[in-house]
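Chemist: Hey, dropping start-v3.cif in here, mmCIF, C-alpha atoms and all ligand atoms:
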data_my_file
loop_
_atom_site.group_PDB
_atom_site.id
_atom_site.type_symbol
_atom_site.label_atom_id
_atom_site.label_comp_id
_atom_site.auth_asym_id
_atom_site.auth_seq_id
_atom_site.Cartn_x
_atom_site.Cartn_y
_atom_site.Cartn_z
ATOM 1 C CA MET S 1 0.000 0.000 0.000
ATOM 2 C CA LYS S 2 1.115 3.570 -0.676
ATOM 3 C CA PHE S 3 0.701 6.478 1.722
ATOM 4 C CA PRO S 4 1.244 10.252 1.981
ATOM 5 C CA ILE S 5 4.458 9.267 3.845
ATOM 6 C CA CYS S 6 7.147 6.750 2.761
ATOM 7 C CA THR S 7 5.946 3.153 2.753
ATOM 8 C CA PHE S 8 8.872 2.223 4.978
ATOM 9 C CA ASP S 9 7.965 4.913 7.532
ATOM 10 C CA ALA S 10 4.352 3.726 7.545
ATOM 11 C CA LYS S 11 5.440 0.134 8.137
ATOM 12 C CA VAL S 12 7.837 0.865 10.981
ATOM 13 C CA GLY S 13 5.699 3.609 12.517
ATOM 14 C CA VAL S 14 8.432 6.272 12.538
ATOM 15 C CA LEU S 15 8.939 9.259 10.210
ATOM 16 C CA CYS S 16 12.190 9.688 8.287
ATOM 17 C CA PRO S 17 13.801 13.190 8.363
ATOM 18 C CA SER S 18 12.280 14.054 4.981
ATOM 19 C CA CYS S 19 8.709 13.142 6.013
ATOM 20 C CA GLU S 20 9.296 14.849 9.363
ATOM 21 C CA ALA S 21 10.179 18.031 7.438
ATOM 22 C CA ARG S 22 7.079 17.693 5.253
ATOM 23 C CA LEU S 23 4.954 17.386 8.397
ATOM 24 C CA LYS S 24 6.598 20.482 9.908
ATOM 25 C CA ASN S 25 6.053 22.616 6.800
ATOM 26 C CA GLY S 26 2.426 21.530 6.525
ATOM 27 C CA GLU S 27 2.734 19.537 3.315
ATOM 28 C CA ILE S 28 1.301 16.580 5.224
ATOM 29 C CA SER S 29 -0.725 16.555 8.432
ATOM 30 C CA ASP S 30 -0.870 14.604 11.689
ATOM 31 C CA ALA S 31 -3.980 12.887 10.319
ATOM 32 C CA ASP S 32 -1.997 11.713 7.257
ATOM 33 C CA VAL S 33 0.680 10.244 9.503
ATOM 34 C CA GLU S 34 -1.703 8.584 11.978
ATOM 35 C CA ALA S 35 -3.865 7.109 9.207
ATOM 36 C CA SER S 36 -0.787 5.816 7.360
ATOM 37 C CA PHE S 37 0.525 4.032 10.465
ATOM 38 C CA LYS S 38 -2.874 2.457 11.119
ATOM 39 C CA LEU S 39 -3.503 1.430 7.513
ATOM 40 C CA ALA S 40 -0.024 -0.048 7.080
ATOM 41 C CA LYS S 41 -0.756 -2.456 9.936
ATOM 42 C CA LEU S 42 -4.127 -3.323 8.498
ATOM 43 C CA ALA S 43 -2.710 -3.867 4.991
ATOM 44 C CA ASN S 44 -0.584 -6.713 6.352
ATOM 45 C CA ALA S 45 -3.752 -8.565 7.266
ATOM 46 C CA ILE S 46 -5.893 -7.600 4.254
ATOM 47 C CA PRO S 47 -4.254 -8.160 0.851
ATOM 48 C CA ALA S 48 -7.027 -6.258 -1.002
ATOM 49 C CA LEU S 49 -5.942 -3.129 0.857
ATOM 50 C CA ASP S 50 -2.301 -3.576 -0.047
ATOM 51 C CA LYS S 51 -2.895 -2.594 -3.702
ATOM 52 C CA LEU S 52 -4.418 0.771 -2.793
ATOM 53 C CA THR S 53 -3.016 4.268 -2.306
ATOM 54 C CA LEU S 54 -4.047 6.576 0.488
ATOM 55 C CA LYS S 55 -3.633 10.091 -0.927
ATOM 56 C CA ARG S 56 -4.615 12.107 2.149
ATOM 57 C CA ALA S 57 -6.347 11.658 5.471
ATOM 58 C CA TYR S 58 -8.296 14.280 7.427
ATOM 59 C CA LYS S 59 -9.745 14.453 10.869
ATOM 60 C CA VAL S 60 -13.120 16.175 11.037
ATOM 61 C CA ASP S 61 -14.333 16.366 14.628
ATOM 62 C CA ASP S 62 -13.585 12.841 15.848
ATOM 63 C CA ASP S 63 -14.131 11.195 12.462
ATOM 64 C CA TYR S 64 -11.445 10.186 10.011
ATOM 65 C CA VAL S 65 -11.787 10.894 6.291
ATOM 66 C CA LEU S 66 -9.662 8.655 4.082
ATOM 67 C CA VAL S 67 -9.065 9.916 0.544
ATOM 68 C CA PHE S 68 -7.886 7.116 -1.730
ATOM 69 C CA ASN S 69 -6.462 7.287 -5.232
ATOM 70 C CA GLN S 70 -8.887 7.823 -8.106
ATOM 71 C CA GLY S 71 -10.892 4.679 -8.850
ATOM 72 C CA GLU S 72 -10.248 3.075 -5.460
ATOM 73 C CA ALA S 73 -13.017 4.345 -3.150
ATOM 74 C CA ARG S 74 -15.553 1.899 -4.541
ATOM 75 C CA GLN S 75 -13.240 -1.049 -3.855
ATOM 76 C CA VAL S 76 -12.970 0.052 -0.241
ATOM 77 C CA ILE S 77 -16.646 0.844 0.331
ATOM 78 C CA SER S 78 -17.891 -2.371 -1.297
ATOM 79 C CA ASN S 79 -15.521 -4.546 0.744
ATOM 80 C CA LYS S 80 -17.311 -5.432 3.986
ATOM 81 C CA GLN S 81 -14.194 -6.873 5.581
ATOM 82 C CA ILE S 82 -12.205 -3.691 4.958
ATOM 83 C CA MET S 83 -15.026 -1.406 6.099
ATOM 84 C CA SER S 84 -15.632 -3.264 9.350
ATOM 85 C CA LYS S 85 -11.892 -3.247 10.131
ATOM 86 C CA LEU S 86 -11.622 0.457 9.295
ATOM 87 C CA ASN S 87 -14.529 1.261 11.594
ATOM 88 C CA GLU S 88 -12.946 -0.837 14.310
ATOM 89 C CA ILE S 89 -9.575 0.910 14.029
ATOM 90 C CA PHE S 90 -10.538 4.485 13.157
ATOM 91 C CA GLY S 91 -13.956 4.798 14.754
ATOM 92 C CA LYS S 92 -16.328 6.555 12.380
ATOM 93 C CA VAL S 93 -14.600 6.633 9.014
ATOM 94 C CA TRP S 94 -15.580 8.330 5.751
ATOM 95 C CA ILE S 95 -14.243 7.083 2.428
ATOM 96 C CA THR S 96 -13.768 9.009 -0.789
ATOM 97 C CA GLU S 97 -11.134 9.431 -3.480
ATOM 98 C CA GLN S 98 -8.969 12.099 -5.078
ATOM 99 C CA THR S 99 -10.638 13.071 -8.346
ATOM 100 C CA GLY S 100 -11.666 16.090 -10.381
ATOM 101 C CA ASP S 101 -15.150 14.575 -10.415
ATOM 102 C CA VAL S 102 -16.848 16.416 -7.538
ATOM 103 C CA ARG S 103 -19.977 14.346 -7.908
ATOM 104 C CA ALA S 104 -18.110 11.061 -7.432
ATOM 105 C CA GLN S 105 -16.266 12.489 -4.461
ATOM 106 C CA ILE S 106 -19.545 13.434 -2.766
ATOM 107 C CA GLU S 107 -21.380 10.262 -3.785
ATOM 108 C CA TYR S 108 -18.772 8.093 -2.096
ATOM 109 C CA LEU S 109 -19.027 10.097 1.109
ATOM 110 C CA MET S 110 -22.797 9.857 1.074
ATOM 111 C CA SER S 111 -23.128 6.231 -0.005
ATOM 112 C CA PRO S 112 -25.774 4.682 -0.071
ATOM 113 C CA VAL S 113 -27.825 7.874 -0.416
ATOM 114 C CA ARG S 114 -28.959 8.516 -4.000
ATOM 115 C CA ILE S 115 -27.894 11.843 -5.401
ATOM 116 C CA LEU S 116 -29.693 13.402 -8.360
ATOM 117 C CA THR S 117 -27.445 16.304 -9.296
ATOM 118 C CA VAL S 118 -24.254 17.955 -8.188
ATOM 119 C CA ASN S 119 -23.550 21.406 -9.598
ATOM 120 C CA MET S 120 -20.919 24.010 -8.989
ATOM 121 C CA VAL S 121 -22.744 27.317 -8.522
ATOM 122 C CA TYR S 122 -20.666 30.403 -9.249
ATOM 123 C CA LEU S 123 -21.563 33.629 -7.513
ATOM 124 C CA PRO S 124 -20.415 37.165 -8.304
ATOM 125 C CA GLY S 125 -16.809 37.674 -7.317
ATOM 126 C CA ASP S 126 -14.766 34.566 -6.708
ATOM 127 C CA GLU S 127 -17.404 32.837 -4.641
ATOM 128 C CA ARG S 128 -18.773 29.448 -5.482
ATOM 129 C CA HIS S 129 -20.480 26.583 -3.767
ATOM 130 C CA ILE S 130 -21.512 23.054 -4.616
ATOM 131 C CA LYS S 131 -25.221 22.407 -4.843
ATOM 132 C CA VAL S 132 -26.248 18.808 -4.207
ATOM 133 C CA VAL S 133 -29.783 17.621 -4.887
ATOM 134 C CA ILE S 134 -30.676 14.426 -3.032
ATOM 135 C CA ALA S 135 -33.390 12.057 -4.321
ATOM 136 C CA GLY S 136 -36.601 11.899 -2.304
ATOM 137 C CA PHE S 137 -37.037 13.851 0.896
ATOM 138 C CA MET S 138 -35.425 14.192 4.277
ATOM 139 C CA THR S 139 -36.500 11.387 6.570
ATOM 140 C CA LYS S 140 -36.211 11.174 10.320
ATOM 141 C CA ASN S 141 -33.626 8.431 10.125
ATOM 142 C CA PHE S 142 -31.735 9.796 7.133
ATOM 143 C CA PRO S 143 -28.524 7.737 7.067
ATOM 144 C CA VAL S 144 -25.978 10.513 6.528
ATOM 145 C CA ASP S 145 -25.054 13.480 8.719
ATOM 146 C CA LEU S 146 -25.280 16.283 6.153
ATOM 147 C CA ASP S 147 -23.645 18.887 8.382
ATOM 148 C CA LYS S 148 -20.714 16.534 8.764
ATOM 149 C CA VAL S 149 -20.494 16.064 4.984
ATOM 150 C CA LYS S 150 -20.392 19.861 4.649
ATOM 151 C CA ARG S 151 -17.468 20.038 7.059
ATOM 152 C CA ILE S 152 -15.695 17.179 5.272
ATOM 153 C CA ILE S 153 -16.007 18.849 1.853
ATOM 154 C CA LYS S 154 -14.741 22.072 3.390
ATOM 155 C CA ALA S 155 -11.752 20.160 4.793
ATOM 156 C CA ILE S 156 -10.840 18.198 1.667
ATOM 157 C CA ARG S 157 -11.733 20.701 -1.093
ATOM 158 C CA ASN S 158 -12.227 24.004 0.702
ATOM 159 C CA ASP S 159 -15.669 24.249 -0.917
ATOM 160 C CA GLU S 160 -19.029 25.068 0.625
ATOM 161 C CA VAL S 161 -21.882 22.643 0.012
ATOM 162 C CA GLU S 162 -25.586 23.296 -0.033
ATOM 163 C CA PHE S 163 -28.027 20.382 0.090
ATOM 164 C CA GLU S 164 -31.503 20.259 -1.311
ATOM 165 C CA PHE S 165 -33.996 17.440 -1.423
ATOM 166 C CA GLU S 166 -35.808 16.611 -4.617
ATOM 167 C CA LYS S 167 -39.126 16.595 -2.767
ATOM 168 C CA GLY S 168 -38.937 19.541 -0.466
ATOM 169 C CA ARG S 169 -36.218 21.392 1.269
ATOM 170 C CA ALA S 170 -35.065 20.115 4.579
ATOM 171 C CA ILE S 171 -32.193 22.545 4.735
ATOM 172 C CA ARG S 172 -32.803 26.192 4.024
ATOM 173 C CA SER S 173 -30.594 27.423 1.245
ATOM 174 C CA LYS S 174 -29.615 30.886 0.103
ATOM 175 C CA ALA S 175 -31.275 32.101 -3.078
ATOM 176 C CA VAL S 176 -29.191 31.334 -6.143
ATOM 177 C CA ARG S 177 -29.418 33.679 -9.113
HETATM 178 ZN ZN ZN V 201 9.670 9.232 4.907
#
Rewrite the structure of this file - the entire thing - as structure tokens.
Modeler:
Amino acid sequence: MKFPICTFDAKVGVLCPSCEARLKNGEISDADVEASFKLAKLANAIPALDKLTLKRAYKVDDDYVLVFNQGEARQVISNKQIMSKLNEIFGKVWITEQTGDVRAQIEYLMSPVRILTVNMVYLPGDERHIKVVIAGFMTKNFPVDLDKVKRIIKAIRNDEVEFEFEKGRAIRSKAVR
């Protein structure tokens, strides 16, 4: 498995001087290092994990967000063994991948919720936000914490997200011109 730090560092659980410097200058974060150490251990036990690349990891509140290489999030999410181990080791864990496809990035985070549309809305000036329309309507036991997803997208992309439900708005949104 590949990590934001050297594979060797991840395996032995110690940073080399070069990765230490990258951590100090902010190129990588504590979350990247912690997640790499944890995943390296897990990859020994789960061969399917060993082929993957962790691009970045984030900590949002107490949850971990693991951003895999493009094309890999589905392999992680659909693998029950991996997911149950990840939840055991990381606590609540969110999976997505590094891609220019914003929709895919959000869909993975919100799996299994069905998303109708994802649009980038540009506002006057340099402002923009992502508008996500979710199929159906907000239910009492809606499976995904939307406020958390907003904070995750802010952390991984520095973008604001606005959610709307196909059948009625559960979350008030600003008017979009
Ligand atoms: Zn290193």
Chemist: Just give me the gap between atom CA of Ala73 of chain S and atom CA of Val60 of chain S in Å, one decimal is fine.
Modeler: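 Atom CA of Ala73 of chain S sits 18.5 Å away from atom CA of Val60 of chain S.
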Chemist: Pick out the closest residue to Thr139 of chain S from this set: S:Glu27, S:Ile152, S:Pro124, S:Gly168. Count all atoms listed in the file.
Modeler: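 Residue with the minimum atom-to-atom distance to Thr139 of chain S: S:Gly168.
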Chemist: Mind checking which residues fall within 12 Å of Val113 of chain S, counting all atoms listed in the file, ignoring those fewer than 4 positions away in the same chain, and posting them as a ChimeraX atom specification?
Modeler: /S:106-109,132-139,142-146,165
Chemist: Kindly compile the residues surrounding ligand ZN 201 (chain V) within 9 Å, counting only C-alpha atoms and all ligand atoms, and format them as a PDB file with C-alpha atoms, in the frame of the given file.
Modeler:
ATOM      1  CA  PRO S   4       1.244  10.252   1.981  1.00  0.00           C
ATOM      2  CA  ILE S   5       4.458   9.267   3.845  1.00  0.00           C
ATOM      3  CA  CYS S   6       7.147   6.750   2.761  1.00  0.00           C
ATOM      4  CA  THR S   7       5.946   3.153   2.753  1.00  0.00           C
ATOM      5  CA  PHE S   8       8.872   2.223   4.978  1.00  0.00           C
ATOM      6  CA  ASP S   9       7.965   4.913   7.532  1.00  0.00           C
ATOM      7  CA  ALA S  10       4.352   3.726   7.545  1.00  0.00           C
ATOM      8  CA  VAL S  14       8.432   6.272  12.538  1.00  0.00           C
ATOM      9  CA  LEU S  15       8.939   9.259  10.210  1.00  0.00           C
ATOM     10  CA  CYS S  16      12.190   9.688   8.287  1.00  0.00           C
ATOM     11  CA  PRO S  17      13.801  13.190   8.363  1.00  0.00           C
ATOM     12  CA  SER S  18      12.280  14.054   4.981  1.00  0.00           C
ATOM     13  CA  CYS S  19       8.709  13.142   6.013  1.00  0.00           C
ATOM     14  CA  GLU S  20       9.296  14.849   9.363  1.00  0.00           C
ATOM     15  CA  ARG S  22       7.079  17.693   5.253  1.00  0.00           C
TER      16      ARG S  22
END
Chemist: For Gln98 of chain S, which residue out of S:Lys11, S:Ile156, S:Asn119, S:Arg151 is the nearest one, using all atoms listed in the file?
Modeler: S:Ile156
